[in-house]
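What follows is a set of notes on a single structure, which appears directly below.
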Amino acid sequence: MRRVTIKGIAAHKLRLALTALAIVLGVTFISGTLVLTDTLNTMFSALIGNVYSKVDFEVRGVAQFSGSNATRNPLPESLLASVRRIPGVADARGLVEGYAQYVARDGKPISTGSEPTLGLSYDPDPRISDLRIVQGGPPVTDDDVVMDAGTAQQYGFSVGQRVRMLFYGQPATFTISGIAQYGTANGLAGITLAAFNLPTAQRLMQETGQLDAIDVVTKPGASKTVVEHEITGILPRGVQVVTGATLANEAASSVNQSLTVFSTVLLIFAFISLFVGAFTIYNTFSITVGQRTRELALLRVVGASRRQVFGSVLAEAGFTGLVSSVIGIGLGVLAAAGLEALLRGFGITLPPGSLVFEPRTALVGLAVGVGVTVISAIWPARRAVQVAPVAAITERQDGTEAALRRRLSSGTAVAVAGAIVLGIGLTRPAIQLVGLGAAAIFVGVAMLAPAVARPVAGTIGRPLARIAGVAGKLGRRNSMRSPRRTAQTAAALTIGLALVCAMAVFGASLSKSTTSDVDQAISADLIVSSTSSMSGLATPVPGAVAAIPGVADTNTVYSGSFEIRGSVQTLTGTQTRSLARTVTLRMTAGSSAALARGELLIDSTTATADHLRVGAPVAVRFARTGSTLVRIGGIYQANALIGSYLVSDSYFLAHFGSNWNAAAVLVSTDGSASAAGAVSHALAGYPTVQVQTRAQFEQASAATVNQLLGLVYALLALAVLIALIGIVNTLMLSVFERTREIGLMRAVGMRRRQVKTMVRSEAVILAVFGAVIGIVVGTGLGLALVDSLKHKGVAETAVPVPSLVIFLVLAALLGLVAATWPARRAARLDVLAAIASQ
């Protein structure tokens, strides 16, 4: 049987190549993601380890909140002198960090996307400093700044040039005294760095007399254990000392966590592509097993056992999966190298280093690729040995109706079970159950699709029959001839388009909800906010807005993290005097007047979920002032701008500090058409400040949703591509199967162009059939997702009918493209050779 298997593989090289392509693409995605994340993780771990190896200890505030919301209170600068006096301390330097953003020479702020734009104090001691100056010198005067090499290279800055900078306070201009590397790298993953001398950094970061941390280097030969004990003995409450190794581990863990999120997202889409590819493989092996029924029956007649025939088919699948996986792993390495180069091309500064290929990448790639291929081929292999040899030889196979009934009952059960699991996953929520439920629904739909394939394909093909004449009629009949094959071929495209449509429904609903939320949340005419991902509004901005002619009233809004009943949440602070004129706050219990009494307002969703009522005291904790009790003074309907928790600005600033920067300023104008222009003109000196009308704010919110959807569509495009490969593969196998039939049609007068039209018509019917089922299923999934998120703020439901129609038209066009090669191959068949084939 080994020789038979090898000869079977050699005889169907083209078929196997097309089948393998689906697995190659999926494994490439997986291995490329793993190689890239391993490479980046190794690069940053090495860089961070090298930087923090210089520091023996760091004195810092104790983290007030856990996870990404961790907040540390500053240290008194007087503590620095006390640490320096400890025996065994060679040197100790104070560190200050905060927001500082460069402005490019074209006047636009240098944005780093979601990455920080850091300003920090420069430490001239090379034993402690993270920065290594490669050009110029350190910042000596209040006018000096040291720029990171990555920013200098990308934006064309050099030593001696002047650069404008933005801070929480007034913007200022500095002279570039030096250009520095971070460790051995020109930068740190897109983060911009601006280093000042300590007094200047304290002033700019609004931390005069305070430090964020103190880095300590011990004397040679000193006992680090003793030094650590001595430092601990002089620290006030709420301050801790940690080792350099702990700092390195924390920084590496933070980088690893970010990369894990990045790789998880990519891997999810990779597995979606492989799931789609599994349907292509299943369909291919189903068709080829059907074409080889007589061949396999003859093997049974001459003595081959069921196990041997079953093993032969699986061996062929295993070989296909193995070769595909090896190719995919190799292409994955190239893809990782390309993605790394792309990141650098977009200006993301990465540490130096080579690609990292872990053995785990190869094992995962092989296991997934071979596993998916073999599992997809199991059912066709079982079907190959279930047909009696004599019946197969005589091409007389019974039980079709019984098989169809079993398929319908099984498909219904699987689809219903999937819907139940999906519902549980959406209500919990649990992403694993959502994925499992969606997969089961797709499998169930694929099993049920043959029941509607014939009538739906006939309906879809009727216009083509009229347009394309005889060739169109033949294409229609070919698609109706085998409903199971039609359904199986379209299954992969169904899944891909179902996911795309589900995202389209979710995106349209989210966009509509966002627009509606803004309308229902604020009554102000203008919203003044910051475009920076790291900073709020500069301190002078609220006062400057209030003084502009045409501005009738302003409301300064603050935002910060606090802990309530053991959970870290976002707290909003607002001015009470102008609340009614700028914010639409619909109270369901209590009164907004409670804000002036220092009480807390919560939204109705939170009140219901946490069983809270007006008058109840709740425990809260602030990073700066610690724990306290606050009384609930009122409950309001969900408000997208305010969030779930609201206090007065005076209460907010009492716990967060008077220098806390505003998140936004809501502006009510006198109704004049020039008011918006006047506000924009007055704030022109703050490049990160944006002034938007409510309509513009709504459009910007919708644009953010659309950008996210665009990324999802791009990642799902691979699944759709694999589905098209499946259509190509099926049409090629169909041409091979109907070689004699095509030859006879050519012999009685059918032209080459008509043959091409016949194959293309069949491809369009297959693609549109898959798209119709996919749109129906995807719309249902999208509506279920939206319904499950109503308590999260997605209150509106929208079905983007124009987008769904576009998807349907694109599916038809892609079907035409997929048919190009099979149609040409069918038209070029030699008539006499085709007639003579069996």
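Convention: chains lettered A, B, ... in structure tokens order; per-chain residue numbering from 1; ligands numbered from 1 as shown.
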
Exercise for review: Can you list, as an MDAnalysis selection string, all residues belonging to range 29-233 of chain A that DSSP tags as helix (DSSP H, G or I)?
Suggested key: chainID A and resid 29:52 67:69 78:84 149:155 198:204 224:233

Point to revise | For range 760-770 of chain A: contacts at 8 Å, only C-alpha atoms, fewer than 3 positions along chain excluded, given as a PyMOL selection string | key: chain A and resi 453+456-457+460-461+464+471-472+475-476+478-479+486-487+489-494+727+731+756-757+773-774+808+811-816+818-820+823

**Study point:** Near-range 417-421 of chain A list (8 Å; only C-alpha atoms; drop same-chain fewer than 3 positions) as a ChimeraX atom specification
**Key:** /A:413-414,424-425,433-434,436-441,444

Now that the selection is made, can you save its residues with N, CA, C and O atoms as a PDB file, in the first residue's frame?
ATOM      1  N   ALA A 413     -28.444  19.496  14.886  1.00  0.00           N
ATOM      2  CA  ALA A 413     -27.987  19.336  16.269  1.00  0.00           C
ATOM      3  C   ALA A 413     -26.719  20.138  16.530  1.00  0.00           C
ATOM      4  O   ALA A 413     -26.592  20.825  17.558  1.00  0.00           O
ATOM      5  N   VAL A 414     -25.771  20.061  15.584  1.00  0.00           N
ATOM      6  CA  VAL A 414     -24.505  20.787  15.759  1.00  0.00           C
ATOM      7  C   VAL A 414     -24.744  22.301  15.753  1.00  0.00           C
ATOM      8  O   VAL A 414     -24.186  23.037  16.584  1.00  0.00           O
ATOM      9  N   ILE A 424     -23.981  31.477  25.475  1.00  0.00           N
ATOM     10  CA  ILE A 424     -23.347  31.460  26.802  1.00  0.00           C
ATOM     11  C   ILE A 424     -22.060  32.275  26.782  1.00  0.00           C
ATOM     12  O   ILE A 424     -21.776  33.060  27.695  1.00  0.00           O
ATOM     13  N   GLY A 425     -21.268  32.100  25.724  1.00  0.00           N
ATOM     14  CA  GLY A 425     -20.003  32.822  25.621  1.00  0.00           C
ATOM     15  C   GLY A 425     -20.191  34.321  25.523  1.00  0.00           C
ATOM     16  O   GLY A 425     -19.392  35.095  26.062  1.00  0.00           O
ATOM     17  N   LEU A 433     -15.560  30.252  24.565  1.00  0.00           N
ATOM     18  CA  LEU A 433     -16.879  29.716  24.240  1.00  0.00           C
ATOM     19  C   LEU A 433     -17.446  30.372  22.986  1.00  0.00           C
ATOM     20  O   LEU A 433     -18.142  29.721  22.192  1.00  0.00           O
ATOM     21  N   VAL A 434     -17.167  31.652  22.801  1.00  0.00           N
ATOM     22  CA  VAL A 434     -17.624  32.339  21.589  1.00  0.00           C
ATOM     23  C   VAL A 434     -17.016  31.689  20.355  1.00  0.00           C
ATOM     24  O   VAL A 434     -17.707  31.392  19.367  1.00  0.00           O
ATOM     25  N   LEU A 436     -15.706  28.628  20.099  1.00  0.00           N
ATOM     26  CA  LEU A 436     -16.200  27.257  19.958  1.00  0.00           C
ATOM     27  C   LEU A 436     -17.618  27.244  19.399  1.00  0.00           C
ATOM     28  O   LEU A 436     -17.951  26.449  18.507  1.00  0.00           O
ATOM     29  N   GLY A 437     -18.470  28.127  19.914  1.00  0.00           N
ATOM     30  CA  GLY A 437     -19.846  28.186  19.435  1.00  0.00           C
ATOM     31  C   GLY A 437     -19.932  28.596  17.979  1.00  0.00           C
ATOM     32  O   GLY A 437     -20.695  28.018  17.197  1.00  0.00           O
ATOM     33  N   ALA A 438     -19.141  29.613  17.591  1.00  0.00           N
ATOM     34  CA  ALA A 438     -19.148  30.060  16.196  1.00  0.00           C
ATOM     35  C   ALA A 438     -18.666  28.948  15.274  1.00  0.00           C
ATOM     36  O   ALA A 438     -19.243  28.724  14.195  1.00  0.00           O
ATOM     37  N   ALA A 439     -17.606  28.236  15.680  1.00  0.00           N
ATOM     38  CA  ALA A 439     -17.106  27.133  14.862  1.00  0.00           C
ATOM     39  C   ALA A 439     -18.163  26.050  14.684  1.00  0.00           C
ATOM     40  O   ALA A 439     -18.358  25.511  13.585  1.00  0.00           O
ATOM     41  N   ALA A 440     -18.875  25.727  15.767  1.00  0.00           N
ATOM     42  CA  ALA A 440     -19.927  24.707  15.679  1.00  0.00           C
ATOM     43  C   ALA A 440     -21.063  25.166  14.763  1.00  0.00           C
ATOM     44  O   ALA A 440     -21.614  24.360  13.995  1.00  0.00           O
ATOM     45  N   ILE A 441     -21.402  26.442  14.822  1.00  0.00           N
ATOM     46  CA  ILE A 441     -22.450  26.962  13.936  1.00  0.00           C
ATOM     47  C   ILE A 441     -22.034  26.828  12.483  1.00  0.00           C
ATOM     48  O   ILE A 441     -22.822  26.402  11.618  1.00  0.00           O
ATOM     49  N   GLY A 444     -22.264  23.225  11.480  1.00  0.00           N
ATOM     50  CA  GLY A 444     -23.668  22.854  11.322  1.00  0.00           C
ATOM     51  C   GLY A 444     -24.267  23.418  10.046  1.00  0.00           C
ATOM     52  O   GLY A 444     -24.994  22.718   9.318  1.00  0.00           O
TER      53      GLY A 444
END

Need the shell around Ser410 in chain A: protein/DNA/RNA residues with any atom at most 10 Å away, counting only C-alpha atoms. Skip same-chain ones fewer than 6 positions apart. Format as a compact mmCIF listing (two decimals) with N, CA, C and O atoms, in the first residue's frame?
# COMPACT_ATOMS: atom_id res chain seq x y z
N LEU A 404 -28.53 11.70 3.50
CA LEU A 404 -28.98 13.09 3.55
C LEU A 404 -29.77 13.36 4.82
O LEU A 404 -29.61 14.39 5.47
N VAL A 416 -27.53 23.98 16.49
CA VAL A 416 -28.25 24.40 17.70
C VAL A 416 -27.30 24.40 18.90
O VAL A 416 -27.31 25.35 19.71
N GLY A 444 -22.26 23.23 11.48
CA GLY A 444 -23.67 22.85 11.32
C GLY A 444 -24.27 23.42 10.05
O GLY A 444 -24.99 22.72 9.32
N MET A 447 -23.12 21.48 7.09
CA MET A 447 -23.82 20.19 6.99
C MET A 447 -25.24 20.37 6.46
O MET A 447 -25.78 19.50 5.76
N LEU A 448 -25.88 21.49 6.78
CA LEU A 448 -27.27 21.72 6.36
C LEU A 448 -27.36 22.32 4.96
O LEU A 448 -28.41 22.21 4.31

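Proximity ranking of A:Phe442, A:Gly780, A:Leu629, A:Tyr168 relative to Gly411 in chain A places A:Phe442 first, based on only C-alpha atoms.
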
Exercise for review: Write out as number ranges by chain the residues lying within 6 Å of Thr117 in chain A, counting only C-alpha atoms and excluding same-chain residues fewer than 4 positions away.
Suggested key: A: 100-101, 191-192

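Closest approach to Val24 in chain A among A:Val96, A:Leu166, A:Val705, A:Ile725 is made by A:Ile725 (distances from only C-alpha atoms).
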
**Study point:** For Glu228 in chain A: contacts at 10 Å, only C-alpha atoms, fewer than 5 positions along chain excluded, given as a list in words
**Key:** Asp56, Phe57, Glu58, Val59, Ile86, Gly88, Val89, Val216, Thr218, Ser223, Gly233, Val241, Val242 and Thr243 of chain A

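Of the listed residues (A:Ser53, A:Asn729, A:Ser78, A:Thr208), A:Ser53 comes nearest to Thr246 in chain A; the distances count only C-alpha atoms.
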
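Here CA of Ile522 in chain A is placed at a distance of 12.4 Å from CA of Thr554 in chain A.
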
Exercise for review: Report the residues of range 226-310 of chain A whose backbone DSSP state falls under strand (DSSP E or B), written as a VMD selection string.
Suggested key: chain A and resid 239 to 243

Selection export as an mmCIF file, in the first residue's frame, atoms kept: N, CA and C atoms:
data_model
loop_
_atom_site.group_PDB
_atom_site.id
_atom_site.type_symbol
_atom_site.label_atom_id
_atom_site.label_comp_id
_atom_site.auth_asym_id
_atom_site.auth_seq_id
_atom_site.Cartn_x
_atom_site.Cartn_y
_atom_site.Cartn_z
ATOM 1 N N VAL A 239 6.716 53.946 50.628
ATOM 2 C CA VAL A 239 7.897 53.939 49.752
ATOM 3 C C VAL A 239 8.594 52.608 49.913
ATOM 4 N N GLN A 240 9.120 52.059 48.825
ATOM 5 C CA GLN A 240 9.766 50.765 48.841
ATOM 6 C C GLN A 240 11.097 50.817 48.094
ATOM 7 N N VAL A 241 11.938 49.807 48.329
ATOM 8 C CA VAL A 241 13.176 49.657 47.586
ATOM 9 C C VAL A 241 13.137 48.314 46.878
ATOM 10 N N VAL A 242 13.504 48.301 45.590
ATOM 11 C CA VAL A 242 13.520 47.063 44.801
ATOM 12 C C VAL A 242 14.875 46.956 44.117
ATOM 13 N N THR A 243 15.241 45.734 43.741
ATOM 14 C CA THR A 243 16.529 45.503 43.096
ATOM 15 C C THR A 243 16.438 45.824 41.600
#

Review point. Got a sec: who's within 10 Å of range 272-276 of chain A, counting only C-alpha atoms, leaving out chain neighbours fewer than 6 positions off, as a VMD selection string?
Key: chain A and resid 22 to 27 29 to 30 266 368 to 369 372 to 373 376 435 439 442 491 to 496 499 715 to 723 726

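The shortest atom-to-atom distance to Ile110 in chain A, with only C-alpha atoms taken into account, belongs to A:Ala152 out of A:Leu510, A:Ala90, A:Ala589, A:Ala152.
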
Review point. For Met205 in chain A, which residue among A:Thr42, A:Thr71, A:Asn661, A:Thr412 is the nearest when counting only C-alpha atoms?
Key: A:Asn661

Review point. Out of A:Val227, A:Val691, A:Ile128, A:Val776, which residue has the shortest atom-to-atom distance to Thr531 in chain A when counting only C-alpha atoms?
Key: A:Val691

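Atom pair CA of Leu204 in chain A / CA of Leu120 in chain A has a distance of 9.5 Å (rounded to one decimal).
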